[in-house]
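J.: I have a structure I would like to understand better, so I am pasting it below and will then ask my questions one at a time.
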Amino acid sequence: MHAMFALRRSVAVASRAAVRSYATAPAASQNVTAPLSLHGIDGRYATALYTAAAKNGSLDAVESELNRVKDLFNKNEDMKTTLESPLVDKQTKKDALKSLLSGKYSDVTKNLFDAMAENGRLDHTTKVLTAFEELMAAHRKEVPVTVISTKALDAKTTKQLQSILEKSKLVAKGSKLILNNKVDPNILGGLVVDFGDKTIDLSVQSKINKLNRLLTEAI
């Protein structure tokens, strides 16, 4: 498969560049440093939550609780809208939050939502949940990889791709690749591999675009 051979060569070339590494959380007795630097309001709240949970050893428990909140949002769109709409007053949001957290939740999780409610930041709830997911993925050294192809990849090809990337220096040693295949006929052929802040474009469409640029410059 020409695309697979090209991918091996592109990975070897790209490996020479510096890449972002993912760190695991330190022991609770040490100073806690988040495995990723996230910015914005959602990033700050998610990082504060991660730090608090890591210090008392409840990262997995808090992650599970936030997944419950996410599931509740998926089942109850009105609840999500009430908490996140800028048109809903603070007291109504606090009442909705009380209902949301009526089940068994840790103090760490409750403190997060109480702080967001007090500071009028509940409209960022979904973004905070997503940001915390990113931190936990980095904590587990998970690296999401998106492979775009003209048709769904079979198991053998997927395994080959994963092996090539895991053996490269593009990801930190010990990282676990979470590979997701997307189908896009517009690339015409070949592959496009996205992971972290890097893209390896081996698509036919990319080659056509390059040829067009060369022909245009030559005229």
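So you can find residues: chains in the structure tokens are A, B, ... in the order shown, residues in each start at 1, and ligands are numbered from 1 in order.
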Which residues come within 7 Å of Leu112 (chain A), counting only C-alpha atoms, excluding same-chain residues fewer than 4 positions away, as a PyMOL selection string?

T.: chain A and resi 49+108+116

J.: Atoms to include: C-alpha atoms. Write the selected residues as a compact mmCIF listing (two decimals), in the first residue's frame.

T.:
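Saved result, out_27.txt, follows:
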# COMPACT_ATOMS: atom_id res chain seq x y z
CA LEU A 49 -10.54 20.44 39.55
CA VAL A 108 -14.40 17.95 45.11
CA MET A 116 -18.94 28.03 39.05

J.: As a ChimeraX atom specification, please: every residue in region 35-207 of chain A that a backbone DSSP assignment puts in helix (DSSP H, G or I).

T.: /A:40-55,59-75,77-84,90-100,107-118,122-139,155-167,185-187,204-207

J.: Do you have the CA of Ala52 (chain A)-CA of Lys141 (chain A) distance handy?

T.: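 One can read the CA of Ala52 (chain A) to CA of Lys141 (chain A) distance as 19.8 Å.
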
J.: Would you kindly return, as a tab-separated table (two decimals) with N, CA, C and O atoms, in the first residue's frame, each protein, DNA or RNA residue with an atom no farther than 12 Å from any atom of region 144-157 of chain A, considering only C-alpha atoms and excluding same-chain residues fewer than 2 positions away?

T.:
chain	number	residue	atom	x	y	z
A	1	MET	N	0.86	-1.20	0.00
A	1	MET	CA	0.00	0.00	0.00
A	1	MET	C	0.89	1.24	0.00
A	1	MET	O	1.67	1.48	0.91
A	3	ALA	N	0.22	4.36	0.32
A	3	ALA	CA	-0.04	5.32	1.40
A	3	ALA	C	0.67	4.90	2.69
A	3	ALA	O	1.18	5.72	3.43
A	4	MET	N	0.70	3.58	2.95
A	4	MET	CA	1.34	3.08	4.16
A	4	MET	C	2.85	3.31	4.10
A	4	MET	O	3.47	3.72	5.08
A	5	PHE	N	3.45	3.07	2.92
A	5	PHE	CA	4.89	3.30	2.76
A	5	PHE	C	5.21	4.78	2.93
A	5	PHE	O	6.17	5.17	3.60
A	7	LEU	N	3.49	6.89	4.60
A	7	LEU	CA	3.29	7.26	6.01
A	7	LEU	C	4.54	6.94	6.82
A	7	LEU	O	4.97	7.73	7.65
A	22	TYR	N	3.13	13.91	27.05
A	22	TYR	CA	2.07	13.83	28.03
A	22	TYR	C	2.61	13.26	29.32
A	22	TYR	O	3.24	12.21	29.32
A	133	GLU	N	-11.86	16.04	30.47
A	133	GLU	CA	-11.63	14.81	29.71
A	133	GLU	C	-10.26	14.84	29.04
A	133	GLU	O	-9.55	13.83	28.99
A	134	GLU	N	-9.88	16.00	28.52
A	134	GLU	CA	-8.57	16.15	27.88
A	134	GLU	C	-7.45	15.94	28.90
A	134	GLU	O	-6.44	15.30	28.60
A	137	ALA	N	-7.23	12.24	29.73
A	137	ALA	CA	-6.63	11.50	28.62
A	137	ALA	C	-5.11	11.67	28.64
A	137	ALA	O	-4.35	10.71	28.44
A	138	ALA	N	-4.66	12.89	28.91
A	138	ALA	CA	-3.23	13.16	28.99
A	138	ALA	C	-2.62	12.46	30.21
A	138	ALA	O	-1.51	11.95	30.15
A	140	ARG	N	-3.50	9.68	31.40
A	140	ARG	CA	-3.35	8.26	31.05
A	140	ARG	C	-2.44	8.05	29.84
A	140	ARG	O	-2.30	6.94	29.35
A	141	LYS	N	-1.84	9.13	29.37
A	141	LYS	CA	-0.97	9.11	28.18
A	141	LYS	C	-1.70	8.63	26.94
A	141	LYS	O	-1.13	7.97	26.07
A	142	GLU	N	-2.97	8.99	26.85
A	142	GLU	CA	-3.75	8.66	25.67
A	142	GLU	C	-3.57	9.76	24.63
A	142	GLU	O	-3.65	10.94	24.94
A	159	LYS	N	-4.26	-1.69	12.41
A	159	LYS	CA	-3.21	-2.20	13.29
A	159	LYS	C	-1.83	-1.77	12.80
A	159	LYS	O	-0.95	-1.42	13.59
A	160	GLN	N	-1.62	-1.80	11.47
A	160	GLN	CA	-0.35	-1.36	10.90
A	160	GLN	C	-0.08	0.11	11.19
A	160	GLN	O	1.03	0.50	11.58
A	161	LEU	N	-1.11	0.92	11.01
A	161	LEU	CA	-0.99	2.36	11.27
A	161	LEU	C	-0.63	2.61	12.72
A	161	LEU	O	0.27	3.41	13.02
A	162	GLN	N	-1.33	1.95	13.61
A	162	GLN	CA	-1.07	2.14	15.04
A	162	GLN	C	0.36	1.73	15.39
A	162	GLN	O	1.03	2.42	16.16
A	163	SER	N	0.82	0.65	14.81
A	163	SER	CA	2.18	0.17	15.08
A	163	SER	C	3.22	1.17	14.59
A	163	SER	O	4.21	1.46	15.28
A	164	ILE	N	3.02	1.73	13.40
A	164	ILE	CA	3.95	2.70	12.83
A	164	ILE	C	4.06	3.92	13.72
A	164	ILE	O	5.15	4.41	14.04
A	165	LEU	N	2.91	4.43	14.14
A	165	LEU	CA	2.90	5.65	14.95
A	165	LEU	C	3.46	5.42	16.35
A	165	LEU	O	4.18	6.25	16.89
A	166	GLU	N	3.15	4.27	16.94
A	166	GLU	CA	3.64	3.98	18.28
A	166	GLU	C	5.15	3.81	18.32
A	166	GLU	O	5.80	4.13	19.32
A	170	LEU	N	7.11	10.54	17.34
A	170	LEU	CA	6.09	11.59	17.30
A	170	LEU	C	5.24	11.61	18.57
A	170	LEU	O	4.61	12.60	18.89
A	171	VAL	N	5.21	10.49	19.28
A	171	VAL	CA	4.47	10.43	20.53
A	171	VAL	C	5.39	9.94	21.62
A	171	VAL	O	6.37	9.23	21.37
A	175	SER	N	2.91	5.92	25.28
A	175	SER	CA	1.61	6.52	24.98
A	175	SER	C	0.66	5.48	24.40
A	175	SER	O	1.07	4.54	23.73
A	176	LYS	N	-0.60	5.67	24.66
A	176	LYS	CA	-1.63	4.78	24.13
A	176	LYS	C	-2.41	5.54	23.07
A	176	LYS	O	-3.07	6.54	23.36
A	177	LEU	N	-2.34	5.09	21.83
A	177	LEU	CA	-3.01	5.77	20.73
A	177	LEU	C	-4.48	5.36	20.68
A	177	LEU	O	-4.80	4.17	20.67
A	178	ILE	N	-5.35	6.35	20.62
A	178	ILE	CA	-6.78	6.11	20.46
A	178	ILE	C	-7.12	6.49	19.04
A	178	ILE	O	-7.29	7.67	18.69
A	179	LEU	N	-7.18	5.49	18.16
A	179	LEU	CA	-7.32	5.75	16.73
A	179	LEU	C	-8.77	5.78	16.30
A	179	LEU	O	-9.56	4.89	16.61
A	180	ASN	N	-9.12	6.85	15.57
A	180	ASN	CA	-10.47	7.04	15.05
A	180	ASN	C	-10.40	7.23	13.54
A	180	ASN	O	-9.67	8.09	13.05
A	181	ASN	N	-11.12	6.40	12.80
A	181	ASN	CA	-11.11	6.47	11.34
A	181	ASN	C	-12.32	7.24	10.84
A	181	ASN	O	-13.46	6.92	11.17
A	182	LYS	N	-12.07	8.27	10.04
A	182	LYS	CA	-13.14	9.04	9.41
A	182	LYS	C	-13.06	8.87	7.90
A	182	LYS	O	-11.97	8.86	7.34
A	183	VAL	N	-14.21	8.73	7.28
A	183	VAL	CA	-14.26	8.54	5.83
A	183	VAL	C	-14.61	9.86	5.14
A	183	VAL	O	-15.59	10.52	5.50
A	184	ASP	N	-13.77	10.24	4.18
A	184	ASP	CA	-13.99	11.47	3.41
A	184	ASP	C	-13.57	11.24	1.96
A	184	ASP	O	-12.38	11.27	1.64
A	185	PRO	N	-14.53	11.00	1.07
A	185	PRO	CA	-14.21	10.74	-0.34
A	185	PRO	C	-13.51	11.91	-1.02
A	185	PRO	O	-12.85	11.73	-2.05
A	186	ASN	N	-13.60	13.09	-0.43
A	186	ASN	CA	-13.02	14.29	-1.06
A	186	ASN	C	-11.50	14.27	-1.12
A	186	ASN	O	-10.90	15.02	-1.89
A	187	ILE	N	-10.85	13.42	-0.30
A	187	ILE	CA	-9.38	13.39	-0.36
A	187	ILE	C	-8.91	12.56	-1.56
A	187	ILE	O	-7.72	12.51	-1.86
A	188	LEU	N	-9.88	11.87	-2.23
A	188	LEU	CA	-9.65	11.13	-3.48
A	188	LEU	C	-8.85	9.84	-3.31
A	188	LEU	O	-9.00	8.90	-4.06
A	189	GLY	N	-7.98	9.77	-2.35
A	189	GLY	CA	-7.17	8.57	-2.12
A	189	GLY	C	-6.09	8.88	-1.09
A	189	GLY	O	-5.90	10.03	-0.69
A	190	GLY	N	-5.36	7.85	-0.65
A	190	GLY	CA	-4.32	8.07	0.33
A	190	GLY	C	-4.89	8.23	1.73
A	190	GLY	O	-6.01	7.81	2.02
A	191	LEU	N	-4.12	8.91	2.59
A	191	LEU	CA	-4.51	9.08	3.99
A	191	LEU	C	-4.17	10.48	4.49
A	191	LEU	O	-3.22	11.10	4.00
A	192	VAL	N	-4.92	10.93	5.47
A	192	VAL	CA	-4.57	12.13	6.24
A	192	VAL	C	-4.60	11.72	7.70
A	192	VAL	O	-5.61	11.20	8.19
A	193	VAL	N	-3.48	11.92	8.40
A	193	VAL	CA	-3.38	11.51	9.80
A	193	VAL	C	-3.21	12.74	10.68
A	193	VAL	O	-2.26	13.50	10.52
A	194	ASP	N	-4.15	12.95	11.59
A	194	ASP	CA	-4.11	14.08	12.52
A	194	ASP	C	-3.90	13.56	13.94
A	194	ASP	O	-4.64	12.69	14.40
A	195	PHE	N	-2.92	14.10	14.65
A	195	PHE	CA	-2.74	13.76	16.07
A	195	PHE	C	-1.99	14.90	16.74
A	195	PHE	O	-1.03	15.44	16.21
A	196	GLY	N	-2.50	15.26	17.93
A	196	GLY	CA	-1.91	16.40	18.63
A	196	GLY	C	-1.99	17.64	17.76
A	196	GLY	O	-3.04	17.98	17.22
A	197	ASP	N	-0.86	18.31	17.61
A	197	ASP	CA	-0.82	19.50	16.77
A	197	ASP	C	-0.16	19.21	15.43
A	197	ASP	O	0.32	20.11	14.76
A	198	LYS	N	-0.15	17.95	15.02
A	198	LYS	CA	0.53	17.57	13.79
A	198	LYS	C	-0.42	16.91	12.81
A	198	LYS	O	-1.38	16.25	13.20
A	199	THR	N	-0.13	17.10	11.51
A	199	THR	CA	-0.90	16.49	10.44
A	199	THR	C	0.07	15.92	9.40
A	199	THR	O	0.99	16.60	8.96
A	200	ILE	N	-0.17	14.67	9.04
A	200	ILE	CA	0.58	14.05	7.94
A	200	ILE	C	-0.42	13.87	6.81
A	200	ILE	O	-1.33	13.06	6.89
A	201	ASP	N	-0.26	14.68	5.76
A	201	ASP	CA	-1.21	14.67	4.65
A	201	ASP	C	-0.62	13.90	3.47
A	201	ASP	O	0.24	14.38	2.75
A	202	LEU	N	-1.13	12.70	3.26
A	202	LEU	CA	-0.68	11.85	2.16
A	202	LEU	C	-1.82	11.61	1.17
A	202	LEU	O	-1.83	10.62	0.46
A	203	SER	N	-2.78	12.54	1.16
A	203	SER	CA	-3.94	12.37	0.29
A	203	SER	C	-3.62	12.70	-1.15
A	203	SER	O	-2.71	13.48	-1.46
A	204	VAL	N	-4.38	12.10	-2.07
A	204	VAL	CA	-4.25	12.42	-3.49
A	204	VAL	C	-4.61	13.88	-3.73
A	204	VAL	O	-3.98	14.58	-4.52
A	205	GLN	N	-5.64	14.36	-3.01
A	205	GLN	CA	-6.05	15.75	-3.17
A	205	GLN	C	-4.92	16.71	-2.82
A	205	GLN	O	-4.70	17.71	-3.49

J.: Would you mind listing what lies within 12 Å of Ser58 (chain A) as a PDB file with N, CA, C and O atoms, in the first residue's frame, with only C-alpha atoms counted and same-chain residues fewer than 4 positions away left out?

T.:
ATOM      1  N   ALA A  25       0.055  12.158  36.356  1.00  0.00           N
ATOM      2  CA  ALA A  25      -0.075  12.941  37.587  1.00  0.00           C
ATOM      3  C   ALA A  25       0.847  12.383  38.650  1.00  0.00           C
ATOM      4  O   ALA A  25       1.009  11.180  38.790  1.00  0.00           O
ATOM      5  N   ALA A  27       2.284  11.729  42.663  1.00  0.00           N
ATOM      6  CA  ALA A  27       1.619  11.226  43.864  1.00  0.00           C
ATOM      7  C   ALA A  27       0.991  12.368  44.628  1.00  0.00           C
ATOM      8  O   ALA A  27       1.409  13.518  44.527  1.00  0.00           O
ATOM      9  N   ALA A  28      -0.016  12.036  45.423  1.00  0.00           N
ATOM     10  CA  ALA A  28      -0.776  13.066  46.133  1.00  0.00           C
ATOM     11  C   ALA A  28       0.100  13.853  47.091  1.00  0.00           C
ATOM     12  O   ALA A  28      -0.202  14.999  47.409  1.00  0.00           O
ATOM     13  N   LEU A  49      -9.881  21.681  39.151  1.00  0.00           N
ATOM     14  CA  LEU A  49     -10.539  20.442  39.552  1.00  0.00           C
ATOM     15  C   LEU A  49      -9.555  19.280  39.515  1.00  0.00           C
ATOM     16  O   LEU A  49      -9.508  18.464  40.445  1.00  0.00           O
ATOM     17  N   TYR A  50      -8.775  19.203  38.460  1.00  0.00           N
ATOM     18  CA  TYR A  50      -7.784  18.131  38.326  1.00  0.00           C
ATOM     19  C   TYR A  50      -6.801  18.170  39.504  1.00  0.00           C
ATOM     20  O   TYR A  50      -6.488  17.137  40.103  1.00  0.00           O
ATOM     21  N   THR A  51      -6.318  19.357  39.819  1.00  0.00           N
ATOM     22  CA  THR A  51      -5.347  19.515  40.906  1.00  0.00           C
ATOM     23  C   THR A  51      -5.937  19.072  42.245  1.00  0.00           C
ATOM     24  O   THR A  51      -5.305  18.333  43.007  1.00  0.00           O
ATOM     25  N   ALA A  52      -7.172  19.511  42.518  1.00  0.00           N
ATOM     26  CA  ALA A  52      -7.826  19.151  43.780  1.00  0.00           C
ATOM     27  C   ALA A  52      -8.057  17.648  43.867  1.00  0.00           C
ATOM     28  O   ALA A  52      -7.826  17.024  44.914  1.00  0.00           O
ATOM     29  N   ALA A  53      -8.508  17.048  42.774  1.00  0.00           N
ATOM     30  CA  ALA A  53      -8.781  15.611  42.766  1.00  0.00           C
ATOM     31  C   ALA A  53      -7.494  14.795  42.876  1.00  0.00           C
ATOM     32  O   ALA A  53      -7.455  13.765  43.553  1.00  0.00           O
ATOM     33  N   ALA A  54      -6.434  15.266  42.219  1.00  0.00           N
ATOM     34  CA  ALA A  54      -5.156  14.546  42.272  1.00  0.00           C
ATOM     35  C   ALA A  54      -4.571  14.565  43.674  1.00  0.00           C
ATOM     36  O   ALA A  54      -3.988  13.579  44.133  1.00  0.00           O
ATOM     37  N   VAL A  62     -13.795  11.340  40.438  1.00  0.00           N
ATOM     38  CA  VAL A  62     -14.314  12.605  39.916  1.00  0.00           C
ATOM     39  C   VAL A  62     -14.637  12.470  38.435  1.00  0.00           C
ATOM     40  O   VAL A  62     -15.658  12.976  37.955  1.00  0.00           O
ATOM     41  N   GLU A  63     -13.784  11.778  37.701  1.00  0.00           N
ATOM     42  CA  GLU A  63     -14.057  11.561  36.276  1.00  0.00           C
ATOM     43  C   GLU A  63     -15.383  10.822  36.091  1.00  0.00           C
ATOM     44  O   GLU A  63     -16.196  11.168  35.218  1.00  0.00           O
ATOM     45  N   SER A  64     -15.606   9.812  36.908  1.00  0.00           N
ATOM     46  CA  SER A  64     -16.847   9.047  36.844  1.00  0.00           C
ATOM     47  C   SER A  64     -18.058   9.935  37.148  1.00  0.00           C
ATOM     48  O   SER A  64     -19.105   9.835  36.500  1.00  0.00           O
ATOM     49  N   GLU A  65     -17.908  10.818  38.135  1.00  0.00           N
ATOM     50  CA  GLU A  65     -19.004  11.723  38.498  1.00  0.00           C
ATOM     51  C   GLU A  65     -19.313  12.705  37.377  1.00  0.00           C
ATOM     52  O   GLU A  65     -20.480  12.982  37.078  1.00  0.00           O
ATOM     53  N   TYR A 105     -22.280  12.659  45.229  1.00  0.00           N
ATOM     54  CA  TYR A 105     -21.126  13.265  44.572  1.00  0.00           C
ATOM     55  C   TYR A 105     -20.093  13.654  45.634  1.00  0.00           C
ATOM     56  O   TYR A 105     -20.458  14.015  46.754  1.00  0.00           O
ATOM     57  N   SER A 106     -18.844  13.610  45.251  1.00  0.00           N
ATOM     58  CA  SER A 106     -17.769  13.955  46.186  1.00  0.00           C
ATOM     59  C   SER A 106     -17.742  15.458  46.439  1.00  0.00           C
ATOM     60  O   SER A 106     -18.281  16.246  45.662  1.00  0.00           O
ATOM     61  N   ASP A 107     -17.100  15.842  47.533  1.00  0.00           N
ATOM     62  CA  ASP A 107     -16.961  17.258  47.852  1.00  0.00           C
ATOM     63  C   ASP A 107     -16.179  17.994  46.769  1.00  0.00           C
ATOM     64  O   ASP A 107     -16.447  19.167  46.488  1.00  0.00           O
ATOM     65  N   VAL A 108     -15.213  17.313  46.160  1.00  0.00           N
ATOM     66  CA  VAL A 108     -14.404  17.953  45.109  1.00  0.00           C
ATOM     67  C   VAL A 108     -15.287  18.371  43.946  1.00  0.00           C
ATOM     68  O   VAL A 108     -15.196  19.496  43.446  1.00  0.00           O
ATOM     69  N   THR A 109     -16.163  17.464  43.516  1.00  0.00           N
ATOM     70  CA  THR A 109     -17.063  17.774  42.398  1.00  0.00           C
ATOM     71  C   THR A 109     -18.076  18.842  42.786  1.00  0.00           C
ATOM     72  O   THR A 109     -18.346  19.777  42.022  1.00  0.00           O
ATOM     73  N   MET A 136      -7.607  14.187  31.673  1.00  0.00           N
ATOM     74  CA  MET A 136      -7.558  12.781  32.075  1.00  0.00           C
ATOM     75  C   MET A 136      -6.952  11.904  30.977  1.00  0.00           C
ATOM     76  O   MET A 136      -6.242  10.934  31.260  1.00  0.00           O
TER      77      MET A 136
END

J.: Near Asp42 (chain A), within 8 Å and counting only C-alpha atoms, which residues show up once chain neighbours fewer than 3 positions away are dropped, as a PDB file with N, CA, C and O atoms, in the first residue's frame?

T.:
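For reference, result30.pdb as written:
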ATOM      1  N   HIS A  39      -6.071  26.740  28.581  1.00  0.00           N
ATOM      2  CA  HIS A  39      -6.314  28.169  28.748  1.00  0.00           C
ATOM      3  C   HIS A  39      -7.812  28.472  28.714  1.00  0.00           C
ATOM      4  O   HIS A  39      -8.630  27.601  28.431  1.00  0.00           O
ATOM      5  N   TYR A  45     -10.913  26.210  35.242  1.00  0.00           N
ATOM      6  CA  TYR A  45     -11.743  25.428  36.160  1.00  0.00           C
ATOM      7  C   TYR A  45     -11.387  23.946  36.092  1.00  0.00           C
ATOM      8  O   TYR A  45     -11.322  23.260  37.125  1.00  0.00           O
ATOM      9  N   ALA A  46     -11.174  23.436  34.891  1.00  0.00           N
ATOM     10  CA  ALA A  46     -10.831  22.020  34.734  1.00  0.00           C
ATOM     11  C   ALA A  46      -9.491  21.711  35.397  1.00  0.00           C
ATOM     12  O   ALA A  46      -9.329  20.673  36.047  1.00  0.00           O
ATOM     13  N   HIS A 124     -20.359  27.635  31.228  1.00  0.00           N
ATOM     14  CA  HIS A 124     -19.174  26.958  30.689  1.00  0.00           C
ATOM     15  C   HIS A 124     -19.123  25.479  31.087  1.00  0.00           C
ATOM     16  O   HIS A 124     -18.103  24.826  30.877  1.00  0.00           O
ATOM     17  N   THR A 125     -20.208  24.964  31.647  1.00  0.00           N
ATOM     18  CA  THR A 125     -20.182  23.609  32.192  1.00  0.00           C
ATOM     19  C   THR A 125     -19.733  22.560  31.174  1.00  0.00           C
ATOM     20  O   THR A 125     -18.824  21.763  31.444  1.00  0.00           O
ATOM     21  N   LYS A 127     -18.057  22.874  28.452  1.00  0.00           N
ATOM     22  CA  LYS A 127     -16.660  23.081  28.059  1.00  0.00           C
ATOM     23  C   LYS A 127     -15.704  22.614  29.160  1.00  0.00           C
ATOM     24  O   LYS A 127     -14.630  22.087  28.875  1.00  0.00           O
ATOM     25  N   VAL A 128     -16.102  22.820  30.412  1.00  0.00           N
ATOM     26  CA  VAL A 128     -15.269  22.365  31.531  1.00  0.00           C
ATOM     27  C   VAL A 128     -15.208  20.838  31.547  1.00  0.00           C
ATOM     28  O   VAL A 128     -14.144  20.248  31.771  1.00  0.00           O
ATOM     29  N   ALA A 131     -12.843  19.826  28.844  1.00  0.00           N
ATOM     30  CA  ALA A 131     -11.458  20.133  29.207  1.00  0.00           C
ATOM     31  C   ALA A 131     -10.921  19.126  30.219  1.00  0.00           C
ATOM     32  O   ALA A 131      -9.757  18.709  30.142  1.00  0.00           O
TER      33      ALA A 131
END

J.: Any idea what the distance is between CA of Asp114 (chain A) and CA of Leu101 (chain A)?

T.: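 About the pair CA of Asp114 (chain A) and CA of Leu101 (chain A): they are 10.3 Å apart.
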
J.: In Å, with one decimal, what is the gap from CA of Lys90 (chain A) to CA of Asp123 (chain A)?

T.: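 So the two atoms, CA of Lys90 (chain A) and CA of Asp123 (chain A), lie 10.7 Å apart.
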
J.: Give the strand (DSSP E or B) residues of chain A, as DSSP finds them on the backbone, and put them as a PyMOL selection string.

T.: chain A and resi 142-149+176-183+192-195+198-201

J.: Suppose we keep N, CA and C atoms; can you now write the selection as a PDB file, in the first residue's frame?

T.:
ATOM      1  N   GLU A 142      -2.970   8.988  26.853  1.00  0.00           N
ATOM      2  CA  GLU A 142      -3.748   8.656  25.666  1.00  0.00           C
ATOM      3  C   GLU A 142      -3.568   9.757  24.628  1.00  0.00           C
ATOM      4  N   VAL A 143      -3.315   9.359  23.397  1.00  0.00           N
ATOM      5  CA  VAL A 143      -3.143  10.318  22.310  1.00  0.00           C
ATOM      6  C   VAL A 143      -4.201  10.037  21.243  1.00  0.00           C
ATOM      7  N   PRO A 144      -5.183  10.930  21.076  1.00  0.00           N
ATOM      8  CA  PRO A 144      -6.200  10.709  20.047  1.00  0.00           C
ATOM      9  C   PRO A 144      -5.608  10.910  18.652  1.00  0.00           C
ATOM     10  N   VAL A 145      -5.888   9.975  17.779  1.00  0.00           N
ATOM     11  CA  VAL A 145      -5.395  10.028  16.406  1.00  0.00           C
ATOM     12  C   VAL A 145      -6.584   9.875  15.458  1.00  0.00           C
ATOM     13  N   THR A 146      -6.704  10.799  14.511  1.00  0.00           N
ATOM     14  CA  THR A 146      -7.763  10.714  13.514  1.00  0.00           C
ATOM     15  C   THR A 146      -7.142  10.387  12.161  1.00  0.00           C
ATOM     16  N   VAL A 147      -7.583   9.302  11.565  1.00  0.00           N
ATOM     17  CA  VAL A 147      -7.096   8.889  10.247  1.00  0.00           C
ATOM     18  C   VAL A 147      -8.240   9.050   9.249  1.00  0.00           C
ATOM     19  N   ILE A 148      -8.034   9.900   8.261  1.00  0.00           N
ATOM     20  CA  ILE A 148      -9.053  10.152   7.244  1.00  0.00           C
ATOM     21  C   ILE A 148      -8.696   9.362   5.990  1.00  0.00           C
ATOM     22  N   SER A 149      -9.658   8.626   5.477  1.00  0.00           N
ATOM     23  CA  SER A 149      -9.451   7.819   4.284  1.00  0.00           C
ATOM     24  C   SER A 149     -10.709   7.857   3.420  1.00  0.00           C
ATOM     25  N   LYS A 176      -0.598   5.665  24.662  1.00  0.00           N
ATOM     26  CA  LYS A 176      -1.630   4.784  24.130  1.00  0.00           C
ATOM     27  C   LYS A 176      -2.409   5.539  23.067  1.00  0.00           C
ATOM     28  N   LEU A 177      -2.337   5.088  21.831  1.00  0.00           N
ATOM     29  CA  LEU A 177      -3.006   5.769  20.732  1.00  0.00           C
ATOM     30  C   LEU A 177      -4.476   5.356  20.675  1.00  0.00           C
ATOM     31  N   ILE A 178      -5.348   6.349  20.624  1.00  0.00           N
ATOM     32  CA  ILE A 178      -6.785   6.108  20.461  1.00  0.00           C
ATOM     33  C   ILE A 178      -7.124   6.490  19.037  1.00  0.00           C
ATOM     34  N   LEU A 179      -7.184   5.494  18.164  1.00  0.00           N
ATOM     35  CA  LEU A 179      -7.321   5.748  16.727  1.00  0.00           C
ATOM     36  C   LEU A 179      -8.771   5.784  16.300  1.00  0.00           C
ATOM     37  N   ASN A 180      -9.117   6.849  15.566  1.00  0.00           N
ATOM     38  CA  ASN A 180     -10.470   7.036  15.053  1.00  0.00           C
ATOM     39  C   ASN A 180     -10.401   7.225  13.538  1.00  0.00           C
ATOM     40  N   ASN A 181     -11.117   6.398  12.803  1.00  0.00           N
ATOM     41  CA  ASN A 181     -11.106   6.467  11.342  1.00  0.00           C
ATOM     42  C   ASN A 181     -12.320   7.235  10.835  1.00  0.00           C
ATOM     43  N   LYS A 182     -12.072   8.268  10.039  1.00  0.00           N
ATOM     44  CA  LYS A 182     -13.145   9.037   9.414  1.00  0.00           C
ATOM     45  C   LYS A 182     -13.059   8.867   7.902  1.00  0.00           C
ATOM     46  N   VAL A 183     -14.209   8.731   7.277  1.00  0.00           N
ATOM     47  CA  VAL A 183     -14.258   8.545   5.829  1.00  0.00           C
ATOM     48  C   VAL A 183     -14.605   9.861   5.141  1.00  0.00           C
ATOM     49  N   VAL A 192      -4.916  10.931   5.471  1.00  0.00           N
ATOM     50  CA  VAL A 192      -4.573  12.128   6.240  1.00  0.00           C
ATOM     51  C   VAL A 192      -4.604  11.718   7.700  1.00  0.00           C
ATOM     52  N   VAL A 193      -3.480  11.921   8.398  1.00  0.00           N
ATOM     53  CA  VAL A 193      -3.383  11.508   9.797  1.00  0.00           C
ATOM     54  C   VAL A 193      -3.212  12.745  10.675  1.00  0.00           C
ATOM     55  N   ASP A 194      -4.153  12.945  11.592  1.00  0.00           N
ATOM     56  CA  ASP A 194      -4.105  14.077  12.522  1.00  0.00           C
ATOM     57  C   ASP A 194      -3.904  13.564  13.939  1.00  0.00           C
ATOM     58  N   PHE A 195      -2.916  14.102  14.651  1.00  0.00           N
ATOM     59  CA  PHE A 195      -2.739  13.763  16.068  1.00  0.00           C
ATOM     60  C   PHE A 195      -1.993  14.900  16.742  1.00  0.00           C
ATOM     61  N   LYS A 198      -0.148  17.951  15.024  1.00  0.00           N
ATOM     62  CA  LYS A 198       0.532  17.567  13.795  1.00  0.00           C
ATOM     63  C   LYS A 198      -0.425  16.909  12.814  1.00  0.00           C
ATOM     64  N   THR A 199      -0.126  17.103  11.511  1.00  0.00           N
ATOM     65  CA  THR A 199      -0.896  16.487  10.441  1.00  0.00           C
ATOM     66  C   THR A 199       0.065  15.923   9.403  1.00  0.00           C
ATOM     67  N   ILE A 200      -0.167  14.668   9.037  1.00  0.00           N
ATOM     68  CA  ILE A 200       0.575  14.054   7.942  1.00  0.00           C
ATOM     69  C   ILE A 200      -0.423  13.873   6.808  1.00  0.00           C
ATOM     70  N   ASP A 201      -0.263  14.675   5.756  1.00  0.00           N
ATOM     71  CA  ASP A 201      -1.212  14.667   4.650  1.00  0.00           C
ATOM     72  C   ASP A 201      -0.624  13.901   3.473  1.00  0.00           C
TER      73      ASP A 201
END

J.: Just checking: using only C-alpha atoms, which residue out of A:Gly103, A:Thr92, A:Thr47, A:Lys173 ends up closest to Leu72 (chain A)?

T.: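 That would be A:Gly103, the residue with the smallest distance to Leu72 (chain A).
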
J.: When distances are computed from only C-alpha atoms, which of A:Leu122, A:Asp71, A:Ser102, A:Gly57 shows the smallest separation from Leu83 (chain A)?

T.: A:Leu122
